[in-house]
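S.K.: Data: data_30.tsv, TSV, C-alpha atoms.
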```tsv
chain	number	residue	atom	x	y	z
T	1	MET	CA	8.61	-70.67	55.23
T	2	SER	CA	6.42	-68.16	53.38
T	3	LEU	CA	2.69	-68.36	54.01
T	4	LEU	CA	1.78	-65.45	51.72
T	5	GLU	CA	3.81	-64.27	48.75
T	6	LEU	CA	2.88	-61.48	46.35
T	7	SER	CA	5.17	-61.09	43.37
T	8	GLY	CA	5.03	-58.27	40.81
T	9	ILE	CA	1.40	-57.39	41.50
T	10	THR	CA	-0.25	-54.81	39.28
T	11	ALA	CA	-3.93	-53.92	39.64
T	12	SER	CA	-6.33	-51.30	38.36
T	13	TYR	CA	-9.72	-49.77	38.98
T	14	GLY	CA	-11.01	-49.56	35.45
T	15	ALA	CA	-8.56	-47.48	33.44
T	16	SER	CA	-6.80	-46.19	36.57
T	17	GLN	CA	-3.81	-48.29	37.62
T	18	ALA	CA	-3.33	-48.48	41.39
T	19	LEU	CA	-0.53	-51.02	41.94
T	20	PHE	CA	2.74	-51.12	40.03
T	21	GLY	CA	4.60	-54.36	40.78
T	22	VAL	CA	4.03	-54.82	44.53
T	23	ASP	CA	6.05	-57.53	46.28
T	24	LEU	CA	5.11	-58.74	49.76
T	25	THR	CA	5.92	-61.81	51.84
T	26	VAL	CA	4.49	-62.95	55.18
T	27	GLY	CA	6.12	-65.95	56.84
T	28	GLU	CA	4.54	-68.53	59.13
T	29	GLY	CA	4.00	-66.93	62.54
T	30	GLU	CA	5.30	-63.56	61.33
T	31	VAL	CA	3.76	-60.12	61.86
T	32	VAL	CA	4.26	-57.80	58.88
T	33	ALA	CA	3.28	-54.12	58.87
T	34	LEU	CA	2.18	-52.60	55.57
T	35	MET	CA	2.71	-48.85	55.75
T	36	GLY	CA	2.44	-45.72	53.63
T	37	ARG	CA	0.48	-42.51	53.37
T	38	ASN	CA	-3.22	-42.54	52.54
T	39	GLY	CA	-4.00	-43.48	48.96
T	40	MET	CA	-0.68	-45.21	48.29
T	41	GLY	CA	-2.07	-48.70	47.62
T	42	LYS	CA	-2.27	-50.42	51.02
T	43	SER	CA	-5.99	-51.23	50.98
T	44	THR	CA	-5.81	-52.10	47.29
T	45	THR	CA	-3.07	-54.61	48.10
T	46	ILE	CA	-5.32	-56.12	50.78
T	47	LYS	CA	-8.16	-56.41	48.26
T	48	VAL	CA	-5.88	-58.26	45.85
T	49	ILE	CA	-4.74	-60.66	48.58
T	50	CYS	CA	-8.34	-61.43	49.54
T	51	ARG	CA	-9.37	-61.69	45.86
T	52	LEU	CA	-11.78	-58.78	46.15
T	53	LEU	CA	-9.87	-57.20	43.26
T	54	LYS	CA	-8.19	-59.08	40.43
T	55	ASN	CA	-4.54	-58.43	39.72
T	56	SER	CA	-3.69	-57.86	36.08
T	57	GLU	CA	-0.07	-59.06	36.41
T	58	GLY	CA	1.96	-60.96	38.97
T	59	SER	CA	1.02	-63.81	41.28
T	60	VAL	CA	-0.56	-64.28	44.70
T	61	ARG	CA	0.52	-67.47	46.48
T	62	PHE	CA	-0.97	-68.58	49.78
T	63	ALA	CA	0.06	-71.72	51.63
T	64	GLY	CA	1.96	-72.85	48.55
T	65	GLN	CA	-0.98	-72.41	46.19
T	66	ASP	CA	-1.44	-69.81	43.45
T	67	ILE	CA	-4.77	-68.21	44.37
T	68	SER	CA	-4.77	-65.55	41.65
T	69	GLY	CA	-7.66	-67.24	39.87
T	70	LEU	CA	-9.80	-67.98	42.93
T	71	PRO	CA	-12.96	-66.09	43.91
T	72	ALA	CA	-12.91	-64.39	47.31
T	73	HIS	CA	-14.96	-67.00	49.18
T	74	LYS	CA	-12.68	-69.85	48.10
T	75	ALA	CA	-9.55	-67.88	49.03
T	76	ALA	CA	-11.07	-67.19	52.46
T	77	ARG	CA	-11.65	-70.90	53.03
T	78	LEU	CA	-7.93	-71.50	52.63
T	79	GLY	CA	-7.32	-69.45	55.77
T	80	LEU	CA	-7.48	-65.71	54.98
T	81	GLY	CA	-9.19	-63.81	57.80
T	82	LEU	CA	-9.92	-60.15	56.97
T	83	VAL	CA	-10.76	-57.39	59.42
T	84	PRO	CA	-11.81	-54.72	56.90
T	85	GLU	CA	-11.41	-50.99	57.24
T	86	GLY	CA	-14.60	-49.57	58.70
T	87	ARG	CA	-15.48	-52.74	60.69
T	88	ARG	CA	-18.60	-53.72	58.64
T	89	CYS	CA	-20.31	-55.80	61.31
T	90	PHE	CA	-23.77	-57.22	60.66
T	91	THR	CA	-25.56	-54.45	62.56
T	92	ASN	CA	-28.95	-56.21	62.56
T	93	LEU	CA	-27.51	-59.32	64.26
T	94	THR	CA	-26.43	-59.77	67.86
T	95	VAL	CA	-22.78	-60.05	68.87
T	96	HIS	CA	-23.22	-63.81	69.29
T	97	GLU	CA	-24.89	-64.14	65.89
T	98	ASN	CA	-22.06	-62.19	64.22
T	99	LEU	CA	-19.53	-64.62	65.64
T	100	TYR	CA	-21.68	-67.66	64.89
T	101	ALA	CA	-22.14	-66.58	61.26
T	102	SER	CA	-18.41	-66.82	60.57
T	103	ALA	CA	-17.53	-69.78	62.80
T	104	ARG	CA	-15.51	-72.64	61.35
T	105	PRO	CA	-14.02	-75.62	63.20
T	106	GLY	CA	-10.69	-74.99	64.89
T	107	GLU	CA	-8.94	-73.57	67.93
T	108	TRP	CA	-10.82	-70.27	67.89
T	109	THR	CA	-14.13	-70.72	69.68
T	110	PHE	CA	-16.62	-68.40	71.39
T	111	GLU	CA	-14.81	-68.95	74.67
T	112	ARG	CA	-11.42	-68.07	73.27
T	113	VAL	CA	-12.72	-64.92	71.57
T	114	HIS	CA	-14.42	-63.94	74.83
T	115	ASP	CA	-11.11	-64.42	76.67
T	116	LEU	CA	-9.42	-62.08	74.20
T	117	PHE	CA	-12.25	-59.51	74.32
T	118	PRO	CA	-14.29	-59.93	77.54
T	119	ARG	CA	-16.61	-57.12	76.47
T	120	LEU	CA	-17.97	-59.31	73.68
T	121	LYS	CA	-19.09	-61.82	76.30
T	122	GLU	CA	-20.81	-59.04	78.23
T	123	ARG	CA	-22.55	-57.80	75.07
T	124	GLU	CA	-23.26	-61.16	73.39
T	125	ARG	CA	-27.06	-60.66	73.26
T	126	GLN	CA	-26.79	-57.03	72.22
T	127	MET	CA	-27.38	-55.93	68.62
T	128	ALA	CA	-24.07	-55.15	66.92
T	129	GLY	CA	-25.42	-51.84	65.62
T	130	SER	CA	-25.83	-50.58	69.19
T	131	LEU	CA	-22.17	-51.17	70.12
T	132	SER	CA	-19.60	-48.42	70.39
T	133	GLY	CA	-17.06	-48.07	67.59
T	134	GLY	CA	-14.40	-49.78	69.68
T	135	GLU	CA	-16.68	-52.67	70.56
T	136	GLN	CA	-17.61	-53.10	66.91
T	137	GLN	CA	-13.90	-53.28	66.08
T	138	MET	CA	-13.41	-55.96	68.70
T	139	LEU	CA	-16.33	-57.83	67.16
T	140	ALA	CA	-14.85	-57.51	63.67
T	141	ILE	CA	-11.56	-59.00	64.91
T	142	GLY	CA	-13.39	-61.74	66.81
T	143	ARG	CA	-15.48	-62.55	63.74
T	144	ALA	CA	-12.32	-62.94	61.63
T	145	LEU	CA	-10.74	-65.17	64.28
T	146	MET	CA	-13.83	-67.38	64.34
T	147	THR	CA	-13.03	-68.37	60.75
T	148	ASN	CA	-9.87	-69.95	62.23
T	149	PRO	CA	-7.55	-68.26	59.74
T	150	ARG	CA	-3.91	-68.97	59.05
T	151	LEU	CA	-3.36	-65.30	58.20
T	152	LEU	CA	-5.17	-62.47	59.99
T	153	ILE	CA	-5.32	-59.24	57.97
T	154	LEU	CA	-6.03	-56.04	59.89
T	155	ASP	CA	-6.79	-52.99	57.74
T	156	GLU	CA	-6.54	-49.85	59.92
T	157	ALA	CA	-7.89	-51.72	62.95
T	158	THR	CA	-7.54	-48.78	65.38
T	159	GLU	CA	-8.37	-45.89	63.05
T	160	GLY	CA	-10.63	-43.27	64.64
T	161	LEU	CA	-10.97	-44.99	68.02
T	162	ALA	CA	-10.54	-43.45	71.46
T	163	PRO	CA	-7.00	-43.82	72.88
T	164	VAL	CA	-8.06	-46.19	75.67
T	165	VAL	CA	-9.81	-48.48	73.17
T	166	ARG	CA	-6.83	-48.33	70.81
T	167	GLN	CA	-4.60	-49.54	73.62
T	168	GLU	CA	-6.99	-52.41	74.38
T	169	ILE	CA	-6.97	-53.55	70.76
T	170	TRP	CA	-3.19	-53.24	70.44
T	171	ALA	CA	-2.85	-55.32	73.61
T	172	ALA	CA	-5.06	-57.98	72.04
T	173	ILE	CA	-2.96	-57.99	68.85
T	174	GLY	CA	0.15	-58.34	70.99
T	175	ALA	CA	-1.45	-61.29	72.77
T	176	LEU	CA	-2.22	-62.91	69.41
T	177	LYS	CA	1.42	-62.57	68.40
T	178	SER	CA	2.80	-64.00	71.62
T	179	SER	CA	0.34	-66.83	72.25
T	180	SER	CA	-1.30	-67.97	69.02
T	181	GLY	CA	1.49	-68.31	66.45
T	182	LEU	CA	-0.90	-66.71	63.97
T	183	SER	CA	0.55	-64.90	60.96
T	184	ILE	CA	-0.63	-61.29	60.87
T	185	LEU	CA	-0.57	-58.59	58.19
T	186	VAL	CA	-1.42	-55.22	59.70
T	187	VAL	CA	-2.03	-51.91	57.94
T	188	ASP	CA	-1.46	-49.04	60.35
T	189	LYS	CA	0.45	-45.80	60.82
T	190	THR	CA	1.27	-45.99	64.53
T	191	ILE	CA	4.99	-46.66	64.68
T	192	ALA	CA	5.15	-46.76	68.48
T	193	GLU	CA	2.58	-49.56	68.64
T	194	LEU	CA	3.87	-51.43	65.61
T	195	ARG	CA	7.35	-51.46	67.14
T	196	ARG	CA	6.04	-53.83	69.83
T	197	ILE	CA	4.68	-56.44	67.42
T	198	ALA	CA	6.02	-56.10	63.86
T	199	ASP	CA	8.78	-58.42	62.67
T	200	HIS	CA	9.02	-56.76	59.27
T	201	VAL	CA	7.80	-53.58	57.54
T	202	VAL	CA	6.93	-52.92	53.90
T	203	VAL	CA	6.32	-49.32	52.80
T	204	LEU	CA	4.33	-48.43	49.68
T	205	GLU	CA	4.43	-45.17	47.74
T	206	ARG	CA	2.17	-44.63	44.73
T	207	GLY	CA	1.37	-48.30	44.46
T	208	ALA	CA	4.94	-49.61	44.56
T	209	ASN	CA	7.46	-50.86	47.12
T	210	VAL	CA	9.84	-48.12	48.23
T	211	TRP	CA	11.31	-49.52	51.46
T	212	GLU	CA	11.33	-52.65	53.60
T	213	GLY	CA	13.14	-53.86	56.67
T	214	THR	CA	12.72	-53.95	60.45
T	215	ILE	CA	10.72	-51.22	62.11
T	216	ASP	CA	13.81	-50.07	63.99
T	217	GLY	CA	15.37	-49.46	60.59
T	218	LEU	CA	12.80	-46.76	59.79
T	219	THR	CA	15.09	-43.75	59.86
T	220	THR	CA	13.86	-40.19	60.25
T	221	ASP	CA	14.57	-39.65	56.55
T	222	VAL	CA	12.43	-42.64	55.53
T	223	LYS	CA	9.60	-41.61	57.83
T	224	ASP	CA	9.62	-38.01	56.60
T	225	ARG	CA	9.84	-39.07	52.97
T	226	TYR	CA	7.24	-41.84	52.85
T	227	LEU	CA	5.12	-41.77	56.00
T	228	GLY	CA	4.66	-38.09	56.67
T	229	VAL	CA	5.64	-38.35	60.34
```
Any chance you could give the structure as structure tokens?

M.R.:
Amino acid sequence: MSLLELSGITASYGASQALFGVDLTVGEGEVVALMGRNGMGKSTTIKVICRLLKNSEGSVRFAGQDISGLPAHKAARLGLGLVPEGRRCFTNLTVHENLYASARPGEWTFERVHDLFPRLKERERQMAGSLSGGEQQMLAIGRALMTNPRLLILDEATEGLAPVVRQEIWAAIGALKSSSGLSILVVDKTIAELRRIADHVVVLERGANVWEGTIDGLTTDVKDRYLGV
């Protein structure tokens, strides 16, 4: 059963069109990787899903409901949990306060987030602005989980982090897939890591779908043509 379904999505920034009929589906409990070179429409697609940008054509359905006309805060309450590119923690609040600010009733509690990221427990009274980049990313993921989402959206969650921290975050995402049953949409370029978790891959080029399938189906030709690897 589809949890998220985008059909024929077009979207623009002013007079500049960015998406040209994007289709995307995420099933219940499925991990989907959204891939493509920089500037090809991945983050714009995420903004449309989260209602941070209005689509001009097409539909966005989540949990069986057309959310195209909803404001972002109402869409979030339906179960969209976003980990934005660049982390965007509340730097003037403590780790605990960041998690508390987004907490909603459900299975994800402080204890469960601390089990996933023990460092957040160690730093809970520390100001978020004093954390390392990797710790801030853990906090951003924990904050999204505290909303108890049905769909977790990770936009470049490991971009610019040290290799050891990247591995820690990928391990956490793998744990989410294996133990939580959470649906996940992940934007990333790391094929080796995505191969461990992704059930399905959608590739965008210039704001449109150009390929989809399993990650093992990404041939050298497809990777060279659309991913630049």

S.K.: Work out how far apart atom CA of Gly8 of chain T and atom CA of Ser43 of chain T are and give it in Å to one decimal.

M.R.: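 Computing it gives 16.6 Å between the two atoms.
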
S.K.: Pick out the closest residue to Ala63 of chain T from this set: T:Gly14, T:Pro105, T:Pro149, T:Gly160. Count only C-alpha atoms.

M.R.: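 For Ala63 of chain T, the nearest of the given residues is T:Pro149.
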
S.K.: Quick one: axis-aligned box around all listed atoms of segment 71-87 of chain T, 8 Å on every side, centre and edge lengths in Å to one decimal, written as JSON.

M.R.:
```
{"center_x": -11.4, "center_y": -60.5, "center_z": 52.3, "size_x": 24.2, "size_y": 37.9, "size_z": 32.8}
```

S.K.: What's the separation between atom CA of Met138 of chain T and atom CA of Arg196 of chain T, in Å to one decimal place?

M.R.: 19.6 Å

S.K.: Please provide the set of residues having any atom within 8 Å of Leu34 of chain T, restricted to all atoms listed in the file, with same-chain residues fewer than 6 positions apart removed, written as number ranges by chain.

M.R.: T: 42, 185-188, 201-204

S.K.: Near Leu131 of chain T, counting only C-alpha atoms, which residues have an atom at most 12 Å away, once you skip same-chain residues fewer than 6 positions from it, shown as a VMD selection string?

M.R.: chain T and resid 87 89 to 95 119 to 120 122 to 125 137 to 140

S.K.: Would you kindly return, as a PyMOL selection string, each protein, DNA or RNA residue with an atom no farther than 9 Å from any atom of segment 79-86 of chain T, considering only C-alpha atoms and excluding same-chain residues fewer than 2 positions away?

M.R.: chain T and resi 43+46+49-50+62-63+75-77+88-89+137+140-157+159

S.K.: Any idea what's packed within 10 Å of Thr214 of chain T, counting all atoms listed in the file, ignoring anything in its chain fewer than 5 positions away? Could you give it as a PyMOL selection string?

M.R.: chain T and resi 32-33+195+198-202

S.K.: Generate the output file for the selected residues, C-alpha atoms, as a tab-separated table (two decimals), in the frame of the given file.

M.R.:
```
chain	number	residue	atom	x	y	z
T	32	VAL	CA	4.26	-57.80	58.88
T	33	ALA	CA	3.28	-54.12	58.87
T	195	ARG	CA	7.35	-51.46	67.14
T	198	ALA	CA	6.02	-56.10	63.86
T	199	ASP	CA	8.78	-58.42	62.67
T	200	HIS	CA	9.02	-56.76	59.27
T	201	VAL	CA	7.80	-53.58	57.54
T	202	VAL	CA	6.93	-52.92	53.90
```

S.K.: With all atoms listed in the file as the basis for distance, which of T:Leu227, T:Met127, T:Ala175, T:Ala15 is at the shortest distance from Gly39 of chain T?

M.R.: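 Among the listed residues, the smallest separation from Gly39 of chain T belongs to T:Leu227.
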
S.K.: Could you give me, as JSON, numbers by chain, the residues within 9 Å of Glu28 of chain T, counting all atoms listed in the file and dropping anything in the same chain fewer than 3 positions from it?

M.R.: {"T": [1, 2, 3, 4, 31, 150, 151, 181, 182, 183]}

S.K.: Take the residues that were just selected and, keeping C-alpha atoms, output them as a short mmCIF file (atom, residue, chain, number, x, y, z; two decimals), in the frame of the given file.

M.R.:
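File written: part_9.cif
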```
data_model
loop_
_atom_site.label_atom_id
_atom_site.label_comp_id
_atom_site.auth_asym_id
_atom_site.auth_seq_id
_atom_site.Cartn_x
_atom_site.Cartn_y
_atom_site.Cartn_z
CA MET T 1 8.61 -70.67 55.23
CA SER T 2 6.42 -68.16 53.38
CA LEU T 3 2.69 -68.36 54.01
CA LEU T 4 1.78 -65.45 51.72
CA VAL T 31 3.76 -60.12 61.86
CA ARG T 150 -3.91 -68.97 59.05
CA LEU T 151 -3.36 -65.30 58.20
CA GLY T 181 1.49 -68.31 66.45
CA LEU T 182 -0.90 -66.71 63.97
CA SER T 183 0.55 -64.90 60.96
#
```

S.K.: So the first atom is atom CA of Gly174 of chain T and the second is atom CA of Ile197 of chain T; what is the distance between them in Å, to one decimal place?

M.R.: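 According to the coordinates, atom CA of Gly174 of chain T and atom CA of Ile197 of chain T are separated by 6.1 Å.
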
S.K.: Name the residues within 12 Å of (-2.3, -55.5, 40.6), counting only C-alpha atoms in the file's coordinates, and put them as number ranges by chain.

M.R.: T: 6-14, 16-23, 41-49, 51-60, 68, 207-208

S.K.: From the options T:Phe110, T:Asn98, T:Lys74, T:Val222, which residue's atoms come nearest to Gly129 of chain T, counting all atoms listed in the file?

M.R.: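 Nearest to Gly129 of chain T: T:Asn98.
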
S.K.: Restricting the calculation to only C-alpha atoms, which member of T:Leu116, T:Glu5, T:Trp108, T:Ser102 is positioned closest to Ile67 of chain T?

M.R.: T:Glu5
